[in-house]
Amino acid sequence: QAYEYAAYGRPGVDAQTAHFVISSSGRPTTTWDTLDRALASEAMVIGVTDNPAETNPFVAKPPIALIPHGAKVGWPCQTTTATITTLLALAIAFGEARGHLDGSRAAELKATLVSIPEQMTAVLAQGQQWAEAIVPSLAGKAFTFVGGGPSWAVAQNGSALLAEGPQDAGMPLTVEEFNHALRIGVLAAGDPVVLIAPATATESRCRDTARVVRAWGSRLLPITSGPLADLVDGPDGLVLPEVAEPFSPLLTLLPLQELSIALAAQKVAAGYERPRSVPG
């Protein structure tokens with residue numbers, strides 16, 4: 001998305017616009033072009049980065065810089081969740097300041113956000129057990145990740161994690177696209193469909209997805225909470241704590257990180273050698 005903005009810009013940007021330009025490391029990438037284009041506009045620009053160095057352009061150039069302080073070793077895990085949390089905290093503050101949230105609702109959401117790290121610790125352990133149990137039967141399978149609303153972003157992250165970890169392909173789809181475009185038709189028997197279905201406004205389409213995947217003979221791996229917990233009928237699924245849907249990626253993303261690690265470990269143990277660099 002950063003490159004798309006750098007290349008095409010965005011209509012309607014004025015002095016009432018705020019741009020949050022995110023780069024965890026601040027290293028030279030197309031996000032530098034994005035930052036420069038944002039700074040050349042009338043908008044307020046806020047840099048979001050985990051690198052506090054004064055030489056980092058996301059600290060040095062914008063009038064405001066936010067430092068979530070996530071740490072990254074090899075691939076983005078902490079850096080993703082720390083940035084999501086920062087943006088959620090800002091969303092609550094903006095909602096309260098603009099009158100969209102009353103004081104009691106804002107306080108409730110803040111308390112939920114503060115309590116989530118403890119839930120995340122439990123979900124990491126739960127997700128590790130789940131991933132290690134199912135991975136031996138998933139070698140060589142074609143993955144599809146399906147979600148709606150905030151869970152669509154989680155589906156995209158799931159696909160990226162497969163590329164970064166085991167270096168496998170995974171197709172991310174919105175829950176409506178999966179059903180409306182008959183995407184089930186390209187799946188083989190046993191191919192895993194990771195359905196990210198926490199308590200969500202897309203519940204009806206999540207249920208359609210689960211029904212179709214099972215009827216087709218593919219393998220449903222549901223990650224659920226709340227009213228959709230009944231989609232889990234065995235070890236292939238997970239039931240997570242229920243939180244407000246905008247907060248759900250902080251929990252639903254973690255099992256996908258564990259899945260990526262477990263798949264990568266299995267491939268390496270079988271003799272797979274990860275390339276040390278990308279050909280120029």
# chains A, B, ... in the order shown; residues from 1 in each chain; ligands from 1
call {"tool": "residues_around", "arguments": {"residues": "A:Gly217", "least_positions_apart": "4", "cutoff": "7 Å", "atoms": "only C-alpha atoms", "output": "number ranges by chain"}}
result
A: 189-190, 213
call {"tool": "write_last_selection", "arguments": {"atoms": "C-alpha atoms", "output": "mmCIF file, in the first residue's frame"}}
result
data_model
loop_
_atom_site.group_PDB
_atom_site.id
_atom_site.type_symbol
_atom_site.label_atom_id
_atom_site.label_comp_id
_atom_site.auth_asym_id
_atom_site.auth_seq_id
_atom_site.Cartn_x
_atom_site.Cartn_y
_atom_site.Cartn_z
ATOM 1 C CA ALA A 189 -9.352 -32.653 -1.671
ATOM 2 C CA GLY A 190 -7.463 -32.063 1.552
ATOM 3 C CA VAL A 213 -15.110 -26.242 2.259
#
call {"tool": "residues_around", "arguments": {"residues": "stretch 81-96 of chain A", "least_positions_apart": "3", "cutoff": "12 Å", "atoms": "only C-alpha atoms", "output": "mmCIF file with C-alpha atoms, in the first residue's frame"}}
result
data_model
loop_
_atom_site.group_PDB
_atom_site.id
_atom_site.type_symbol
_atom_site.label_atom_id
_atom_site.label_comp_id
_atom_site.auth_asym_id
_atom_site.auth_seq_id
_atom_site.Cartn_x
_atom_site.Cartn_y
_atom_site.Cartn_z
ATOM 1 C CA ALA A 18 -3.342 12.862 8.472
ATOM 2 C CA PHE A 20 0.552 7.594 9.059
ATOM 3 C CA VAL A 21 3.591 6.314 7.157
ATOM 4 C CA ILE A 22 4.857 3.039 8.609
ATOM 5 C CA SER A 23 8.306 1.491 8.311
ATOM 6 C CA SER A 24 9.506 -0.697 11.148
ATOM 7 C CA ILE A 46 3.194 10.960 11.341
ATOM 8 C CA GLY A 47 6.057 8.501 11.026
ATOM 9 C CA VAL A 48 5.575 5.116 12.695
ATOM 10 C CA THR A 49 8.788 3.154 13.167
ATOM 11 C CA ASP A 50 10.498 0.843 15.632
ATOM 12 C CA ALA A 65 7.119 10.179 15.089
ATOM 13 C CA LEU A 66 5.621 7.265 17.007
ATOM 14 C CA ILE A 67 7.942 4.480 18.224
ATOM 15 C CA PRO A 68 6.030 1.266 19.115
ATOM 16 C CA HIS A 69 9.368 -0.388 20.110
ATOM 17 C CA GLY A 70 8.662 -3.740 18.470
ATOM 18 C CA ALA A 71 11.692 -5.975 17.870
ATOM 19 C CA LYS A 72 12.244 -8.013 14.710
ATOM 20 C CA PRO A 76 7.840 -9.320 11.373
ATOM 21 C CA CYS A 77 5.978 -10.648 14.408
ATOM 22 C CA GLN A 78 6.356 -8.194 17.290
ATOM 23 C CA GLY A 99 -17.497 12.311 20.023
ATOM 24 C CA HIS A 100 -17.964 8.971 18.263
ATOM 25 C CA LEU A 101 -17.229 7.148 21.541
ATOM 26 C CA ASP A 102 -18.551 8.300 24.889
ATOM 27 C CA GLY A 103 -16.206 8.268 27.873
ATOM 28 C CA SER A 104 -17.429 4.962 29.296
ATOM 29 C CA ARG A 105 -17.139 3.109 25.981
ATOM 30 C CA ALA A 106 -13.675 4.549 25.360
ATOM 31 C CA ALA A 107 -12.580 3.481 28.851
ATOM 32 C CA GLU A 108 -13.945 -0.011 28.224
ATOM 33 C CA LEU A 109 -12.029 -0.320 24.960
ATOM 34 C CA LYS A 110 -8.829 0.976 26.553
ATOM 35 C CA ALA A 111 -9.160 -1.603 29.338
ATOM 36 C CA THR A 112 -9.673 -4.343 26.752
ATOM 37 C CA LEU A 113 -6.561 -3.273 24.869
ATOM 38 C CA VAL A 114 -4.489 -3.256 28.059
ATOM 39 C CA SER A 115 -5.669 -6.782 28.921
ATOM 40 C CA ILE A 116 -4.891 -8.285 25.524
ATOM 41 C CA PRO A 117 -1.144 -8.989 26.091
ATOM 42 C CA MET A 120 -1.839 -13.068 23.530
ATOM 43 C CA PRO A 150 -10.130 -6.863 9.895
ATOM 44 C CA ALA A 153 -5.786 -8.175 6.685
ATOM 45 C CA VAL A 154 -4.966 -11.231 8.819
ATOM 46 C CA ASN A 157 -0.547 -11.622 6.658
ATOM 47 C CA ALA A 244 -14.215 -6.537 19.903
ATOM 48 C CA GLU A 245 -13.734 -7.272 16.199
ATOM 49 C CA PRO A 246 -11.253 -4.414 15.553
ATOM 50 C CA PHE A 247 -8.988 -5.929 18.242
ATOM 51 C CA SER A 248 -9.262 -9.500 16.941
ATOM 52 C CA PRO A 249 -6.171 -9.416 14.648
ATOM 53 C CA LEU A 250 -3.976 -9.144 17.752
ATOM 54 C CA LEU A 251 -5.119 -12.674 18.632
ATOM 55 C CA THR A 252 -5.990 -14.335 15.313
ATOM 56 C CA LEU A 253 -2.640 -13.458 13.715
ATOM 57 C CA LEU A 254 -0.602 -15.313 16.345
ATOM 58 C CA GLN A 257 2.816 -17.012 12.959
#
call {"tool": "atom_distance", "arguments": {"atom1": "atom CA of A:Asp33", "atom2": "atom CA of A:Glu164"}}
result
24.1 Å
call {"tool": "select_by_dssp", "arguments": {"residues": "stretch 35-256 of chain A", "states": "helix (DSSP H, G or I)", "output": "ChimeraX atom specification"}}
result
/A:35-39,57-60,78-97,103-137,150-164,175-180,183-186,203-216,226-231,245-247,249-256
call {"tool": "residues_around", "arguments": {"residues": "stretch 132-136 of chain A", "least_positions_apart": "6", "cutoff": "9 Å", "atoms": "only C-alpha atoms", "output": "ChimeraX atom specification"}}
result
/A:235-236,258-259,262-263,266
call {"tool": "residues_around", "arguments": {"residues": "A:Val13", "least_positions_apart": "6", "cutoff": "12 Å", "atoms": "only C-alpha atoms", "output": "list in words"}}
result
Tyr5, His19, Arg37, Ala38, Leu39, Ala40, Ser41, Glu42, Ala43, Met44 and Val45 of chain A
call {"tool": "closest_residue", "arguments": {"among": "A:Asp208, A:Arg276, A:Gly12, A:Ile223", "to": "A:His180", "atoms": "only C-alpha atoms"}}
result
A:Asp208
call {"tool": "residues_around", "arguments": {"residues": "A:Pro275", "least_positions_apart": "3", "cutoff": "12 Å", "atoms": "only C-alpha atoms", "output": "list in words"}}
result
Glu164, Gly165, Pro166, Gln167, Val268, Tyr272, Val278 and Pro279 of chain A
call {"tool": "decode", "arguments": {"residues": "stretch 55-82 of chain A", "atoms": "N, CA and C atoms", "output": "mmCIF file, in the first residue's frame"}}
result
data_model
loop_
_atom_site.group_PDB
_atom_site.id
_atom_site.type_symbol
_atom_site.label_atom_id
_atom_site.label_comp_id
_atom_site.auth_asym_id
_atom_site.auth_seq_id
_atom_site.Cartn_x
_atom_site.Cartn_y
_atom_site.Cartn_z
ATOM 1 N N THR A 55 18.942 9.233 12.490
ATOM 2 C CA THR A 55 19.200 9.148 11.054
ATOM 3 C C THR A 55 18.061 8.467 10.301
ATOM 4 N N ASN A 56 17.134 7.869 11.009
ATOM 5 C CA ASN A 56 15.983 7.224 10.385
ATOM 6 C C ASN A 56 15.053 8.317 9.855
ATOM 7 N N PRO A 57 14.789 8.356 8.538
ATOM 8 C CA PRO A 57 13.957 9.436 7.999
ATOM 9 C C PRO A 57 12.542 9.463 8.566
ATOM 10 N N PHE A 58 12.060 8.331 9.071
ATOM 11 C CA PHE A 58 10.710 8.306 9.641
ATOM 12 C C PHE A 58 10.670 8.947 11.024
ATOM 13 N N VAL A 59 11.848 9.177 11.585
ATOM 14 C CA VAL A 59 11.985 9.962 12.814
ATOM 15 C C VAL A 59 12.377 11.397 12.477
ATOM 16 N N ALA A 60 13.310 11.541 11.542
ATOM 17 C CA ALA A 60 13.910 12.851 11.274
ATOM 18 C C ALA A 60 13.015 13.792 10.473
ATOM 19 N N LYS A 61 12.240 13.266 9.528
ATOM 20 C CA LYS A 61 11.533 14.143 8.590
ATOM 21 C C LYS A 61 10.134 14.585 9.034
ATOM 22 N N PRO A 62 9.292 13.696 9.546
ATOM 23 C CA PRO A 62 7.938 14.140 9.893
ATOM 24 C C PRO A 62 7.933 14.987 11.162
ATOM 25 N N PRO A 63 6.927 15.819 11.344
ATOM 26 C CA PRO A 63 6.845 16.599 12.584
ATOM 27 C C PRO A 63 6.549 15.738 13.809
ATOM 28 N N ILE A 64 5.960 14.572 13.589
ATOM 29 C CA ILE A 64 5.616 13.664 14.685
ATOM 30 C C ILE A 64 6.102 12.265 14.324
ATOM 31 N N ALA A 65 6.715 11.576 15.280
ATOM 32 C CA ALA A 65 7.119 10.179 15.089
ATOM 33 C C ALA A 65 6.625 9.356 16.269
ATOM 34 N N LEU A 66 6.063 8.204 15.977
ATOM 35 C CA LEU A 66 5.621 7.265 17.007
ATOM 36 C C LEU A 66 6.534 6.051 16.968
ATOM 37 N N ILE A 67 7.002 5.605 18.131
ATOM 38 C CA ILE A 67 7.942 4.480 18.224
ATOM 39 C C ILE A 67 7.275 3.358 19.023
ATOM 40 N N PRO A 68 6.659 2.363 18.364
ATOM 41 C CA PRO A 68 6.030 1.266 19.115
ATOM 42 C C PRO A 68 7.028 0.390 19.876
ATOM 43 N N HIS A 69 8.308 0.386 19.455
ATOM 44 C CA HIS A 69 9.368 -0.388 20.110
ATOM 45 C C HIS A 69 9.201 -1.897 19.923
ATOM 46 N N GLY A 70 8.658 -2.318 18.795
ATOM 47 C CA GLY A 70 8.662 -3.740 18.470
ATOM 48 C C GLY A 70 10.053 -4.164 18.039
ATOM 49 N N ALA A 71 10.389 -5.432 18.277
ATOM 50 C CA ALA A 71 11.692 -5.975 17.870
ATOM 51 C C ALA A 71 11.474 -7.020 16.789
ATOM 52 N N LYS A 72 12.380 -7.064 15.818
ATOM 53 C CA LYS A 72 12.244 -8.013 14.710
ATOM 54 C C LYS A 72 13.525 -8.811 14.571
ATOM 55 N N VAL A 73 13.382 -10.137 14.531
ATOM 56 C CA VAL A 73 14.516 -11.020 14.274
ATOM 57 C C VAL A 73 14.134 -11.871 13.069
ATOM 58 N N GLY A 74 14.539 -11.426 11.883
ATOM 59 C CA GLY A 74 14.275 -12.212 10.684
ATOM 60 C C GLY A 74 12.972 -11.871 9.994
ATOM 61 N N TRP A 75 11.868 -11.909 10.713
ATOM 62 C CA TRP A 75 10.586 -11.617 10.075
ATOM 63 C C TRP A 75 9.701 -10.838 11.041
ATOM 64 N N PRO A 76 8.649 -10.192 10.515
ATOM 65 C CA PRO A 76 7.840 -9.320 11.373
ATOM 66 C C PRO A 76 6.816 -10.089 12.193
ATOM 67 N N CYS A 77 6.986 -10.115 13.483
ATOM 68 C CA CYS A 77 5.978 -10.648 14.408
ATOM 69 C C CYS A 77 5.631 -9.558 15.411
ATOM 70 N N GLN A 78 6.562 -9.297 16.341
ATOM 71 C CA GLN A 78 6.356 -8.194 17.290
ATOM 72 C C GLN A 78 6.088 -6.877 16.581
ATOM 73 N N THR A 79 6.823 -6.623 15.517
ATOM 74 C CA THR A 79 6.691 -5.330 14.856
ATOM 75 C C THR A 79 5.288 -5.139 14.290
ATOM 76 N N THR A 80 4.686 -6.221 13.810
ATOM 77 C CA THR A 80 3.321 -6.130 13.298
ATOM 78 C C THR A 80 2.338 -5.854 14.419
ATOM 79 N N THR A 81 2.403 -6.665 15.480
ATOM 80 C CA THR A 81 1.414 -6.527 16.546
ATOM 81 C C THR A 81 1.593 -5.223 17.323
ATOM 82 N N ALA A 82 2.833 -4.786 17.511
ATOM 83 C CA ALA A 82 3.060 -3.527 18.230
ATOM 84 C C ALA A 82 2.492 -2.346 17.453
#
